[in-house]
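K.L.:
Sharing model_23.cif, mmCIF, C-alpha atoms:
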```cif
data_structure
loop_
_atom_site.group_PDB
_atom_site.id
_atom_site.type_symbol
_atom_site.label_atom_id
_atom_site.label_comp_id
_atom_site.auth_asym_id
_atom_site.auth_seq_id
_atom_site.Cartn_x
_atom_site.Cartn_y
_atom_site.Cartn_z
ATOM 1 C CA MET A 1 112.922 50.979 140.609
ATOM 2 C CA THR A 2 111.046 49.873 137.477
ATOM 3 C CA SER A 3 113.782 47.796 135.838
ATOM 4 C CA THR A 4 113.010 44.180 134.908
ATOM 5 C CA LEU A 5 116.714 43.346 135.167
ATOM 6 C CA ARG A 6 117.239 40.839 137.956
ATOM 7 C CA ARG A 7 120.682 39.270 137.581
ATOM 8 C CA ILE A 8 123.898 40.277 135.848
ATOM 9 C CA LEU A 9 127.295 38.715 135.296
ATOM 10 C CA VAL A 10 130.406 40.857 135.818
ATOM 11 C CA VAL A 11 133.638 39.539 134.343
ATOM 12 C CA GLY A 12 136.410 40.914 136.537
ATOM 13 C CA GLY A 13 134.085 41.819 139.399
ATOM 14 C CA ASN A 14 136.865 41.936 141.990
ATOM 15 C CA GLY A 15 138.820 44.610 140.077
ATOM 16 C CA PHE A 16 138.736 48.397 140.252
ATOM 17 C CA ILE A 17 135.861 49.092 137.851
ATOM 18 C CA GLY A 18 134.277 45.663 138.222
ATOM 19 C CA SER A 19 133.846 45.995 141.983
ATOM 20 C CA ALA A 20 132.221 49.407 141.533
ATOM 21 C CA VAL A 21 129.769 47.854 139.062
ATOM 22 C CA CYS A 22 128.953 45.060 141.514
ATOM 23 C CA ARG A 23 128.308 47.548 144.308
ATOM 24 C CA ALA A 24 126.168 49.854 142.144
ATOM 25 C CA ALA A 25 124.119 46.952 140.766
ATOM 26 C CA LEU A 26 123.412 45.601 144.248
ATOM 27 C CA ALA A 27 122.229 49.053 145.313
ATOM 28 C CA ARG A 28 119.659 48.869 142.500
ATOM 29 C CA GLY A 29 118.336 45.517 143.632
ATOM 30 C CA MET A 30 120.104 43.346 141.074
ATOM 31 C CA GLN A 31 121.629 39.970 141.860
ATOM 32 C CA VAL A 32 125.290 39.886 140.873
ATOM 33 C CA THR A 33 127.653 37.093 139.927
ATOM 34 C CA SER A 34 131.352 37.891 139.474
ATOM 35 C CA ILE A 35 133.778 35.854 137.397
ATOM 36 C CA SER A 36 137.518 36.220 137.922
ATOM 37 C CA SER A 37 140.612 34.078 137.534
ATOM 38 C CA SER A 38 140.976 33.759 141.305
ATOM 39 C CA GLY A 39 137.322 33.639 142.275
ATOM 40 C CA GLN A 40 138.237 35.623 145.366
ATOM 41 C CA PRO A 41 135.878 38.276 146.777
ATOM 42 C CA TYR A 42 136.807 41.924 146.414
ATOM 43 C CA ARG A 43 139.011 43.493 149.091
ATOM 44 C CA THR A 44 140.039 47.110 149.454
ATOM 45 C CA PRO A 45 143.700 48.096 148.907
ATOM 46 C CA LYS A 46 144.082 47.988 152.701
ATOM 47 C CA GLY A 47 142.699 44.459 152.866
ATOM 48 C CA HIS A 48 139.227 45.271 154.182
ATOM 49 C CA THR A 49 136.075 43.457 153.069
ATOM 50 C CA PRO A 50 133.085 45.830 152.659
ATOM 51 C CA ALA A 51 129.662 44.626 153.809
ATOM 52 C CA TRP A 52 128.248 44.471 150.259
ATOM 53 C CA VAL A 53 130.800 41.831 149.242
ATOM 54 C CA SER A 54 128.839 39.071 150.975
ATOM 55 C CA LYS A 55 125.886 39.695 148.626
ATOM 56 C CA VAL A 56 127.853 38.873 145.461
ATOM 57 C CA ASP A 57 128.211 35.346 144.097
ATOM 58 C CA TRP A 58 131.977 35.097 143.548
ATOM 59 C CA GLN A 59 132.917 32.470 140.970
ATOM 60 C CA LYS A 60 136.230 31.331 139.508
ATOM 61 C CA GLY A 61 136.546 31.170 135.744
ATOM 62 C CA ASP A 62 138.852 31.762 132.795
ATOM 63 C CA ALA A 63 137.656 34.464 130.386
ATOM 64 C CA LEU A 64 139.647 32.812 127.596
ATOM 65 C CA SER A 65 137.747 29.567 128.243
ATOM 66 C CA PRO A 66 134.234 30.835 129.054
ATOM 67 C CA GLN A 67 132.828 27.334 128.761
ATOM 68 C CA SER A 68 133.852 27.017 132.411
ATOM 69 C CA PHE A 69 131.054 29.406 133.385
ATOM 70 C CA ALA A 70 128.758 29.294 130.328
ATOM 71 C CA HIS A 71 126.054 27.622 132.429
ATOM 72 C CA LEU A 72 125.504 31.001 134.101
ATOM 73 C CA PHE A 73 124.634 32.875 130.888
ATOM 74 C CA PRO A 74 120.990 31.744 130.470
ATOM 75 C CA GLN A 75 120.039 33.203 133.856
ATOM 76 C CA VAL A 76 121.527 36.676 133.446
ATOM 77 C CA GLY A 77 119.941 39.724 131.846
ATOM 78 C CA GLY A 78 123.290 41.184 130.843
ATOM 79 C CA VAL A 79 127.069 40.751 130.926
ATOM 80 C CA VAL A 80 129.602 43.419 131.865
ATOM 81 C CA HIS A 81 133.161 42.737 130.745
ATOM 82 C CA THR A 82 135.638 44.824 132.736
ATOM 83 C CA LEU A 83 138.899 42.965 132.105
ATOM 84 C CA GLY A 84 141.707 44.921 130.505
ATOM 85 C CA THR A 85 145.184 46.257 131.033
ATOM 86 C CA LEU A 86 146.630 49.725 130.526
ATOM 87 C CA ILE A 87 150.199 48.428 130.635
ATOM 88 C CA GLU A 88 151.226 44.890 129.748
ATOM 89 C CA ASP A 89 153.325 44.739 132.888
ATOM 90 C CA GLY A 90 150.494 43.985 135.301
ATOM 91 C CA LYS A 91 152.612 45.223 138.206
ATOM 92 C CA TYR A 92 151.409 48.767 137.487
ATOM 93 C CA LYS A 93 148.040 47.982 139.091
ATOM 94 C CA ARG A 94 149.686 47.110 142.393
ATOM 95 C CA ALA A 95 151.849 50.238 142.137
ATOM 96 C CA ILE A 96 148.747 52.417 141.711
ATOM 97 C CA GLN A 97 146.965 50.659 144.570
ATOM 98 C CA HIS A 98 149.842 51.218 146.963
ATOM 99 C CA SER A 99 150.903 54.668 145.695
ATOM 100 C CA ASP A 100 154.258 53.246 144.604
ATOM 101 C CA ILE A 101 155.444 56.059 142.337
ATOM 102 C CA PRO A 102 158.851 54.522 141.431
ATOM 103 C CA GLY A 103 157.152 51.225 140.560
ATOM 104 C CA LEU A 104 154.560 53.000 138.423
ATOM 105 C CA VAL A 105 157.196 55.036 136.581
ATOM 106 C CA GLY A 106 159.177 51.872 135.960
ATOM 107 C CA SER A 107 156.124 50.179 134.454
ATOM 108 C CA PHE A 108 155.507 53.163 132.159
ATOM 109 C CA PHE A 109 159.106 53.183 130.915
ATOM 110 C CA GLU A 110 159.087 49.431 130.375
ATOM 111 C CA SER A 111 155.849 49.688 128.388
ATOM 112 C CA LEU A 112 157.555 52.179 126.078
ATOM 113 C CA GLY A 113 160.517 49.868 125.572
ATOM 114 C CA VAL A 114 162.907 51.821 127.789
ATOM 115 C CA GLY A 115 165.016 49.314 129.656
ATOM 116 C CA GLY A 116 162.901 46.471 128.312
ATOM 117 C CA SER A 117 163.778 43.499 126.142
ATOM 118 C CA GLY A 118 163.069 45.068 122.749
ATOM 119 C CA ASN A 119 160.142 43.853 120.683
ATOM 120 C CA PRO A 120 157.188 43.497 123.115
ATOM 121 C CA LEU A 121 155.820 40.569 121.103
ATOM 122 C CA GLN A 122 159.003 38.522 121.420
ATOM 123 C CA ASN A 123 160.778 36.705 124.257
ATOM 124 C CA LYS A 124 157.605 36.324 126.306
ATOM 125 C CA THR A 125 156.663 33.334 128.385
ATOM 126 C CA PRO A 126 153.154 31.854 127.952
ATOM 127 C CA GLU A 127 152.146 33.452 131.243
ATOM 128 C CA GLU A 128 153.383 36.859 130.094
ATOM 129 C CA LYS A 129 151.519 36.508 126.805
ATOM 130 C CA LYS A 130 148.283 36.091 128.788
ATOM 131 C CA GLY A 131 148.832 39.618 130.073
ATOM 132 C CA SER A 132 149.359 41.133 126.624
ATOM 133 C CA TYR A 133 147.157 43.847 125.159
ATOM 134 C CA GLU A 134 145.877 41.440 122.526
ATOM 135 C CA VAL A 135 144.765 38.864 125.093
ATOM 136 C CA MET A 136 143.554 41.127 127.904
ATOM 137 C CA ASN A 137 141.946 43.919 125.893
ATOM 138 C CA ARG A 138 140.611 41.977 122.911
ATOM 139 C CA ASP A 139 140.703 38.182 122.908
ATOM 140 C CA ALA A 140 139.186 37.647 126.356
ATOM 141 C CA ALA A 141 136.230 39.923 125.554
ATOM 142 C CA LEU A 142 135.626 38.226 122.209
ATOM 143 C CA ALA A 143 135.677 34.785 123.805
ATOM 144 C CA VAL A 144 133.169 35.760 126.508
ATOM 145 C CA CYS A 145 130.936 37.572 124.023
ATOM 146 C CA ASP A 146 130.884 34.588 121.670
ATOM 147 C CA ALA A 147 129.901 32.236 124.490
ATOM 148 C CA PHE A 148 127.197 34.668 125.650
ATOM 149 C CA LEU A 149 125.719 34.922 122.158
ATOM 150 C CA SER A 150 125.686 31.140 121.864
ATOM 151 C CA THR A 151 123.553 30.740 124.991
ATOM 152 C CA PRO A 152 119.847 31.669 124.714
ATOM 153 C CA ALA A 153 118.211 33.388 127.660
ATOM 154 C CA ALA A 154 116.048 31.391 130.034
ATOM 155 C CA PRO A 155 112.275 32.035 129.698
ATOM 156 C CA GLU A 156 112.175 34.047 132.920
ATOM 157 C CA VAL A 157 114.791 36.534 131.659
ATOM 158 C CA ASN A 158 112.915 39.463 130.121
ATOM 159 C CA ASN A 159 115.599 42.130 129.850
ATOM 160 C CA LEU A 160 115.679 41.895 126.059
ATOM 161 C CA PRO A 161 117.707 42.612 124.048
ATOM 162 C CA ARG A 162 120.352 41.437 126.502
ATOM 163 C CA PRO A 163 123.412 43.703 126.602
ATOM 164 C CA PHE A 164 127.046 42.749 126.381
ATOM 165 C CA ILE A 165 128.792 45.753 127.915
ATOM 166 C CA PHE A 166 132.476 46.076 127.089
ATOM 167 C CA VAL A 167 134.504 48.538 129.152
ATOM 168 C CA SER A 168 136.717 50.196 126.569
ATOM 169 C CA ALA A 169 138.428 53.612 126.772
ATOM 170 C CA GLU A 170 138.750 57.048 125.248
ATOM 171 C CA ASP A 171 141.856 57.625 123.144
ATOM 172 C CA ILE A 172 143.692 59.838 125.650
ATOM 173 C CA PHE A 173 146.800 57.903 126.664
ATOM 174 C CA ARG A 174 149.054 58.040 123.602
ATOM 175 C CA PRO A 175 152.045 58.465 123.517
ATOM 176 C CA LEU A 176 152.507 57.844 127.253
ATOM 177 C CA ILE A 177 150.952 54.413 126.753
ATOM 178 C CA SER A 178 151.588 52.158 123.769
ATOM 179 C CA ALA A 179 149.162 52.670 120.873
ATOM 180 C CA ARG A 180 148.458 48.934 121.041
ATOM 181 C CA TYR A 181 146.406 49.610 124.173
ATOM 182 C CA ILE A 182 143.712 51.613 122.368
ATOM 183 C CA GLU A 183 144.085 49.698 119.099
ATOM 184 C CA THR A 184 143.214 46.391 120.751
ATOM 185 C CA LYS A 185 140.266 48.025 122.531
ATOM 186 C CA ARG A 186 138.903 49.299 119.206
ATOM 187 C CA GLU A 187 139.511 45.915 117.557
ATOM 188 C CA ALA A 188 137.407 44.299 120.276
ATOM 189 C CA GLU A 189 134.612 46.858 119.816
ATOM 190 C CA LYS A 190 134.533 46.338 116.063
ATOM 191 C CA GLN A 191 134.465 42.554 116.261
ATOM 192 C CA ILE A 192 131.837 42.498 119.009
ATOM 193 C CA SER A 193 129.648 44.794 116.913
ATOM 194 C CA SER A 194 130.099 42.491 113.928
ATOM 195 C CA MET A 195 129.316 39.398 115.996
ATOM 196 C CA MET A 196 125.986 40.905 117.070
ATOM 197 C CA GLU A 197 124.752 41.838 113.610
ATOM 198 C CA GLY A 198 121.400 40.172 112.971
ATOM 199 C CA LYS A 199 120.980 39.077 116.602
ATOM 200 C CA SER A 200 117.914 40.998 117.759
ATOM 201 C CA ASP A 201 117.997 39.529 121.264
ATOM 202 C CA TYR A 202 121.393 41.084 121.998
ATOM 203 C CA ARG A 203 122.896 44.560 121.899
ATOM 204 C CA PRO A 204 126.500 45.802 122.181
ATOM 205 C CA VAL A 205 127.436 48.656 124.519
ATOM 206 C CA PHE A 206 130.932 50.126 124.536
ATOM 207 C CA ILE A 207 131.719 52.190 127.620
ATOM 208 C CA ARG A 208 134.569 54.606 126.887
ATOM 209 C CA PRO A 209 135.735 56.301 130.085
ATOM 210 C CA SER A 210 138.592 58.784 130.185
ATOM 211 C CA LEU A 211 140.912 58.751 133.198
ATOM 212 C CA VAL A 212 139.037 56.821 135.901
ATOM 213 C CA TYR A 213 139.889 57.996 139.399
ATOM 214 C CA HIS A 214 139.122 57.356 143.068
ATOM 215 C CA ALA A 215 140.744 59.347 145.857
ATOM 216 C CA HIS A 216 141.007 56.447 148.312
ATOM 217 C CA GLN A 217 141.305 53.322 146.173
ATOM 218 C CA ARG A 218 143.642 54.921 143.621
ATOM 219 C CA PRO A 219 145.245 57.965 145.314
ATOM 220 C CA LEU A 220 147.763 58.471 142.515
ATOM 221 C CA THR A 221 144.932 59.128 140.058
ATOM 222 C CA THR A 222 143.655 62.186 141.941
ATOM 223 C CA PRO A 223 146.325 64.800 140.988
ATOM 224 C CA PRO A 224 146.181 64.076 137.222
ATOM 225 C CA ALA A 225 142.386 63.902 137.414
ATOM 226 C CA ALA A 226 142.262 67.369 138.990
ATOM 227 C CA LEU A 227 144.542 68.805 136.305
ATOM 228 C CA LEU A 228 142.639 67.188 133.440
ATOM 229 C CA ASP A 229 139.324 68.353 134.868
ATOM 230 C CA LEU A 230 140.636 71.914 135.063
ATOM 231 C CA SER A 231 141.926 71.678 131.499
ATOM 232 C CA ALA A 232 138.596 70.368 130.175
ATOM 233 C CA THR A 233 136.703 73.104 132.024
ATOM 234 C CA LEU A 234 138.930 75.874 130.670
ATOM 235 C CA HIS A 235 138.783 74.532 127.118
ATOM 236 C CA ALA A 236 134.991 74.394 127.279
ATOM 237 C CA LYS A 237 134.828 78.080 128.235
ATOM 238 C CA VAL A 238 137.085 79.366 125.456
ATOM 239 C CA PRO A 239 135.217 80.674 122.368
ATOM 240 C CA ARG A 240 135.712 78.498 119.282
ATOM 241 C CA SER A 241 137.294 81.400 117.419
ATOM 242 C CA ILE A 242 140.236 81.496 119.845
ATOM 243 C CA PRO A 243 143.009 78.884 119.413
ATOM 244 C CA THR A 244 143.507 76.569 122.374
ATOM 245 C CA PRO A 245 146.277 74.068 123.164
ATOM 246 C CA SER A 246 143.983 71.230 122.085
ATOM 247 C CA SER A 247 143.011 72.857 118.778
ATOM 248 C CA ILE A 248 146.655 73.530 117.950
ATOM 249 C CA LEU A 249 147.581 69.927 118.754
ATOM 250 C CA ARG A 250 144.731 68.621 116.612
ATOM 251 C CA SER A 251 145.871 70.793 113.723
ATOM 252 C CA LEU A 252 149.436 69.537 114.026
ATOM 253 C CA GLY A 253 148.451 65.915 114.530
ATOM 254 C CA SER A 254 145.652 65.632 111.980
ATOM 255 C CA SER A 255 146.145 62.938 109.369
ATOM 256 C CA GLY A 256 144.173 64.981 106.846
ATOM 257 C CA SER A 257 141.559 62.253 106.482
ATOM 258 C CA THR A 258 138.336 61.723 108.364
ATOM 259 C CA SER A 259 136.446 58.515 109.028
ATOM 260 C CA SER A 260 132.870 57.884 110.037
ATOM 261 C CA ASP A 261 133.857 54.508 111.476
ATOM 262 C CA PRO A 262 133.633 54.867 115.296
ATOM 263 C CA PHE A 263 136.137 52.032 115.719
ATOM 264 C CA ASN A 264 138.984 53.629 113.785
ATOM 265 C CA ILE A 265 141.958 55.354 115.416
ATOM 266 C CA THR A 266 142.732 58.484 113.400
ATOM 267 C CA GLY A 267 145.492 61.047 113.712
ATOM 268 C CA SER A 268 148.791 60.968 115.526
ATOM 269 C CA SER A 269 149.410 60.821 119.250
ATOM 270 C CA LEU A 270 149.033 64.613 119.292
ATOM 271 C CA GLU A 271 145.301 64.155 118.751
ATOM 272 C CA SER A 272 145.252 61.738 121.664
ATOM 273 C CA VAL A 273 146.878 64.404 123.865
ATOM 274 C CA ALA A 274 144.281 66.905 122.620
ATOM 275 C CA ASN A 275 141.542 64.477 123.637
ATOM 276 C CA ALA A 276 143.070 64.234 127.111
ATOM 277 C CA LEU A 277 143.057 68.029 127.469
ATOM 278 C CA THR A 278 139.365 68.333 126.583
ATOM 279 C CA THR A 279 137.820 65.189 128.073
ATOM 280 C CA PRO A 280 137.023 65.386 131.807
ATOM 281 C CA PRO A 281 138.056 62.481 134.019
ATOM 282 C CA VAL A 282 135.356 60.283 135.532
ATOM 283 C CA HIS A 283 134.985 58.884 139.021
ATOM 284 C CA VAL A 284 134.786 55.093 139.065
ATOM 285 C CA ASP A 285 131.334 55.282 140.667
ATOM 286 C CA GLN A 286 130.080 57.416 137.766
ATOM 287 C CA VAL A 287 131.288 54.762 135.329
ATOM 288 C CA ALA A 288 129.507 52.076 137.346
ATOM 289 C CA ASP A 289 126.280 54.097 137.524
ATOM 290 C CA ALA A 290 126.306 54.630 133.755
ATOM 291 C CA ILE A 291 126.853 50.919 133.187
ATOM 292 C CA CYS A 292 123.877 50.080 135.401
ATOM 293 C CA VAL A 293 121.662 52.441 133.395
ATOM 294 C CA ALA A 294 122.922 50.924 130.142
ATOM 295 C CA LEU A 295 122.219 47.406 131.411
ATOM 296 C CA CYS A 296 118.463 47.999 131.543
ATOM 297 C CA SER A 297 117.135 47.393 128.032
ATOM 298 C CA SER A 298 114.184 49.733 128.521
ATOM 299 C CA ASN A 299 116.698 52.620 128.380
ATOM 300 C CA GLY A 300 117.669 51.678 124.821
ATOM 301 C CA VAL A 301 121.411 52.206 125.221
ATOM 302 C CA ARG A 302 123.630 50.645 122.558
ATOM 303 C CA GLY A 303 126.877 51.359 120.744
ATOM 304 C CA VAL A 304 129.538 53.805 121.917
ATOM 305 C CA VAL A 305 129.008 55.555 125.261
ATOM 306 C CA ASN A 306 131.595 58.297 125.739
ATOM 307 C CA VAL A 307 132.096 60.478 128.814
ATOM 308 C CA ARG A 308 129.482 63.034 127.764
ATOM 309 C CA ARG A 309 126.920 60.276 127.195
ATOM 310 C CA MET A 310 127.805 58.673 130.531
ATOM 311 C CA ARG A 311 127.064 61.917 132.310
ATOM 312 C CA GLU A 312 123.744 62.192 130.512
ATOM 313 C CA LEU A 313 122.791 58.663 131.519
ATOM 314 C CA ILE A 314 123.385 59.313 135.202
ATOM 315 C CA GLY A 315 121.569 62.652 135.143
ATOM 316 C CA TRP A 316 124.375 65.184 135.031
ATOM 317 C CA THR A 317 123.996 68.557 133.354
ATOM 318 C CA GLU A 318 126.738 70.132 131.266
ATOM 319 C CA ASP A 319 128.063 72.066 134.245
ATOM 320 C CA GLY A 320 128.492 68.852 136.204
ATOM 321 C CA ASN A 321 125.550 69.267 138.591
ATOM 322 C CA GLU A 322 123.803 66.019 139.365
ATOM 323 C CA GLN A 323 120.083 65.910 138.753
ATOM 324 C CA HIS A 324 117.653 63.765 140.706
ATOM 325 C CA ALA A 325 116.948 61.638 137.654
ATOM 326 C CA LEU A 326 119.059 58.560 138.254
ATOM 327 C CA GLU A 327 116.394 56.632 140.164
ATOM 328 C CA LYS A 328 113.891 57.240 137.365
ATOM 329 C CA ARG A 329 116.183 55.799 134.727
ATOM 330 C CA VAL A 330 116.983 52.423 136.291
#
```
What would the structure in this file look like if it were written as structure tokens?
P.N.:
Amino acid sequence: MTSTLRRILVVGGNGFIGSAVCRAALARGMQVTSISSSGQPYRTPKGHTPAWVSKVDWQKGDALSPQSFAHLFPQVGGVVHTLGTLIEDGKYKRAIQHSDIPGLVGSFFESLGVGGSGNPLQNKTPEEKKGSYEVMNRDAALAVCDAFLSTPAAPEVNNLPRPFIFVSAEDIFRPLISARYIETKREAEKQISSMMEGKSDYRPVFIRPSLVYHAHQRPLTTPPAALLDLSATLHAKVPRSIPTPSSILRSLGSSGSTSSDPFNITGSSLESVANALTTPPVHVDQVADAICVALCSSNGVRGVVNVRRMRELIGWTEDGNEQHALEKRV
């Protein structure tokens, strides 16, 4: 390993993607500090504590008040922000963990306003507002990023420019999930990019996974992942001259205008469905591996990292075969 990156900070390190990042970073010889609201070490859905957990420095902190852990920023060569919510009703995460299909369906319907209390921005307690898309997907990331940018690196940190890696998402969930989910993600990306303008010692990285799956930790994600992978494979093999379900949906859902701004959401939800049909799902470990490659500044990764780019970073060819290049890149 030739990387000069020694220590990283993972916000949300005891979560699904965050824990995978912690594990992958440790495997590459990095020291890892995790920040979470509970400060508790990661445990598997069955309550087990893997051996690697003891090697992480688990700290308690509030992402909306990063001053509580700002003293850690000078010592780290990069920050990975993994906090976010797909549905404002945080109970969906427990339902996925425990394969509770009725609970998951109920969360989906409530997110769409079916059986809910009407306007999702009204009638919420302060605690519920903390779990909103605006707070979880945008405001928390902006607060942490601002604190990170305000704290110069210690002299011994030489992984410059230091990355702030924001785990965002591909636009594949509309209309099943509220458009506010992806809109707040893109708002965070745009503002983080703006905040870093003119700061040569920092670089923004926006990881945009599609459906993230794991057969054991998130069993309910496996069937849709298999179907979406099959769909993406079939679409890739069809000649461009032949109409496909995705091309028809894009034609029907096109807004008629194009934008070069990577942070804009264009088209109707039909385009989002088309994206889902053509974008392969990603295993959580692949996301974590790509993040670890992006962390090392010698690899020059910045800006938007979509699924195709993730696969390139971890050494995958177009047909999905893994190359023996990962060790050379980190």
K.L.:
Going by the chain IDs and residue numbers used in this file, which residues fall under the PyMOL selection byres ((chain A and resi 60) around 6)? Write them as a PyMOL selection string.
P.N.:
chain A and resi 35-39+59+61
K.L.:
May I ask which of the residues A:Ile87, A:Ala140, A:Phe206, A:Lys130 is the closest one to Pro66 (chain A), counting all atoms listed in the file?
P.N.:
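The shortest atom-to-atom distance to Pro66 (chain A) comes from A:Ala140.
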K.L.:
Which residues match the PyMOL selection byres ((chain A and resi 168-175) around 8) in the file above, as a tab-separated table (two decimals) with C-alpha atoms, keeping the file's coordinate frame?
P.N.:
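Result saved to result.tsv:
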```
chain	number	residue	atom	x	y	z
A	166	PHE	CA	132.48	46.08	127.09
A	167	VAL	CA	134.50	48.54	129.15
A	176	LEU	CA	152.51	57.84	127.25
A	177	ILE	CA	150.95	54.41	126.75
A	178	SER	CA	151.59	52.16	123.77
A	179	ALA	CA	149.16	52.67	120.87
A	182	ILE	CA	143.71	51.61	122.37
A	185	LYS	CA	140.27	48.02	122.53
A	186	ARG	CA	138.90	49.30	119.21
A	189	GLU	CA	134.61	46.86	119.82
A	206	PHE	CA	130.93	50.13	124.54
A	207	ILE	CA	131.72	52.19	127.62
A	208	ARG	CA	134.57	54.61	126.89
A	209	PRO	CA	135.74	56.30	130.08
A	210	SER	CA	138.59	58.78	130.18
A	269	SER	CA	149.41	60.82	119.25
A	270	LEU	CA	149.03	64.61	119.29
A	272	SER	CA	145.25	61.74	121.66
A	273	VAL	CA	146.88	64.40	123.86
A	274	ALA	CA	144.28	66.90	122.62
A	275	ASN	CA	141.54	64.48	123.64
A	276	ALA	CA	143.07	64.23	127.11
A	306	ASN	CA	131.60	58.30	125.74
```
K.L.:
From the options A:Pro152, A:Gly13, A:Pro45, A:Pro50, which residue's atoms come nearest to Leu72 (chain A), counting all atoms listed in the file?
P.N.:
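So, comparing all the options, the nearest one is A:Pro152.
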K.L.:
Produce the centre coordinates and the three edge lengths, each in Å to one decimal, of the box along x, y and z that contains all listed atoms of region 284-297 of chain A with 3 Å added on each side, as JSON.
P.N.:
```
{"center_x": 126.0, "center_y": 52.4, "center_z": 134.3, "size_x": 23.7, "size_y": 16.0, "size_z": 18.6}
```
K.L.:
Any idea what the distance is between CA of Ile96 (chain A) and CA of Ala294 (chain A)?
P.N.:
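So the two atoms, CA of Ile96 (chain A) and CA of Ala294 (chain A), lie 28.3 Å apart.
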K.L.:
How far is it from CA of Gly106 (chain A) to CA of Ile17 (chain A), in Å with one decimal?
P.N.:
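A separation of 23.6 Å between them.
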K.L.:
Let me make sure I understand: among A:Val293, A:Gly15, A:Ser34, A:Asn299, which one has the smallest atom-to-atom distance to Ile314 (chain A) if we use all atoms listed in the file?
P.N.:
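Of A:Val293, A:Gly15, A:Ser34, A:Asn299, the one nearest Ile314 (chain A) is A:Val293, counting all atoms listed in the file.
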K.L.:
What is the CA of Pro161 (chain A)-CA of Val284 (chain A) distance in Å, reported with one decimal?
P.N.:
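Interatomic distance here is 25.9 Å.
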K.L.:
Which residues, written as a ChimeraX atom specification, have at least one atom at most 8 Å from Tyr133 (chain A), with all atoms listed in the file counted and residues fewer than 6 positions away on the same chain left out?
P.N.:
/A:84-88,180-181,184
K.L.:
From the set A:Gly47, A:Pro280, A:Gly303, A:Pro74, which residue has the shortest atom-to-atom contact distance to Thr151 (chain A), counting all atoms listed in the file?
P.N.:
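So, comparing all the options, the nearest one is A:Pro74.
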K.L.:
Skip Arg6 (chain A) itself and residues of its chain fewer than 2 positions away, then list as a JSON list (two decimals) with C-alpha atoms, keeping the file's coordinate frame all residues within 12 Å of it, counting only C-alpha atoms.
P.N.:
```json
[["chain", "number", "residue", "atom", "x", "y", "z"],
["A", 1, "MET", "CA", 112.92, 50.98, 140.61],
["A", 2, "THR", "CA", 111.05, 49.87, 137.48],
["A", 3, "SER", "CA", 113.78, 47.80, 135.84],
["A", 4, "THR", "CA", 113.01, 44.18, 134.91],
["A", 8, "ILE", "CA", 123.90, 40.28, 135.85],
["A", 9, "LEU", "CA", 127.30, 38.72, 135.30],
["A", 25, "ALA", "CA", 124.12, 46.95, 140.77],
["A", 26, "LEU", "CA", 123.41, 45.60, 144.25],
["A", 28, "ARG", "CA", 119.66, 48.87, 142.50],
["A", 29, "GLY", "CA", 118.34, 45.52, 143.63],
["A", 30, "MET", "CA", 120.10, 43.35, 141.07],
["A", 31, "GLN", "CA", 121.63, 39.97, 141.86],
["A", 32, "VAL", "CA", 125.29, 39.89, 140.87],
["A", 33, "THR", "CA", 127.65, 37.09, 139.93],
["A", 75, "GLN", "CA", 120.04, 33.20, 133.86],
["A", 76, "VAL", "CA", 121.53, 36.68, 133.45],
["A", 77, "GLY", "CA", 119.94, 39.72, 131.85],
["A", 78, "GLY", "CA", 123.29, 41.18, 130.84],
["A", 156, "GLU", "CA", 112.18, 34.05, 132.92],
["A", 157, "VAL", "CA", 114.79, 36.53, 131.66],
["A", 158, "ASN", "CA", 112.92, 39.46, 130.12],
["A", 159, "ASN", "CA", 115.60, 42.13, 129.85],
["A", 162, "ARG", "CA", 120.35, 41.44, 126.50],
["A", 292, "CYS", "CA", 123.88, 50.08, 135.40],
["A", 295, "LEU", "CA", 122.22, 47.41, 131.41],
["A", 296, "CYS", "CA", 118.46, 48.00, 131.54],
["A", 297, "SER", "CA", 117.14, 47.39, 128.03],
["A", 330, "VAL", "CA", 116.98, 52.42, 136.29]]
```
K.L.:
Care to translate the PyMOL selection byres ((chain A and resi 252) around 12) into actual residues of this file, as a count of residues only?
P.N.:
19
K.L.:
Which one of A:Ala225, A:Ala24, A:Ile265, A:Ala153 sits closest to Asp201 (chain A) if you count only C-alpha atoms?
P.N.:
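Selected residue with least distance to Asp201 (chain A): A:Ala153.
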K.L.:
For each of A:Ala63, A:Leu230, A:Ala20, A:Val205, take the minimum atom-to-atom distance to Ala147 (chain A), counting all atoms listed in the file, then give the residue where this is smallest.
P.N.:
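Looking only at the distances to Ala147 (chain A), the closest residue turns out to be A:Ala63.
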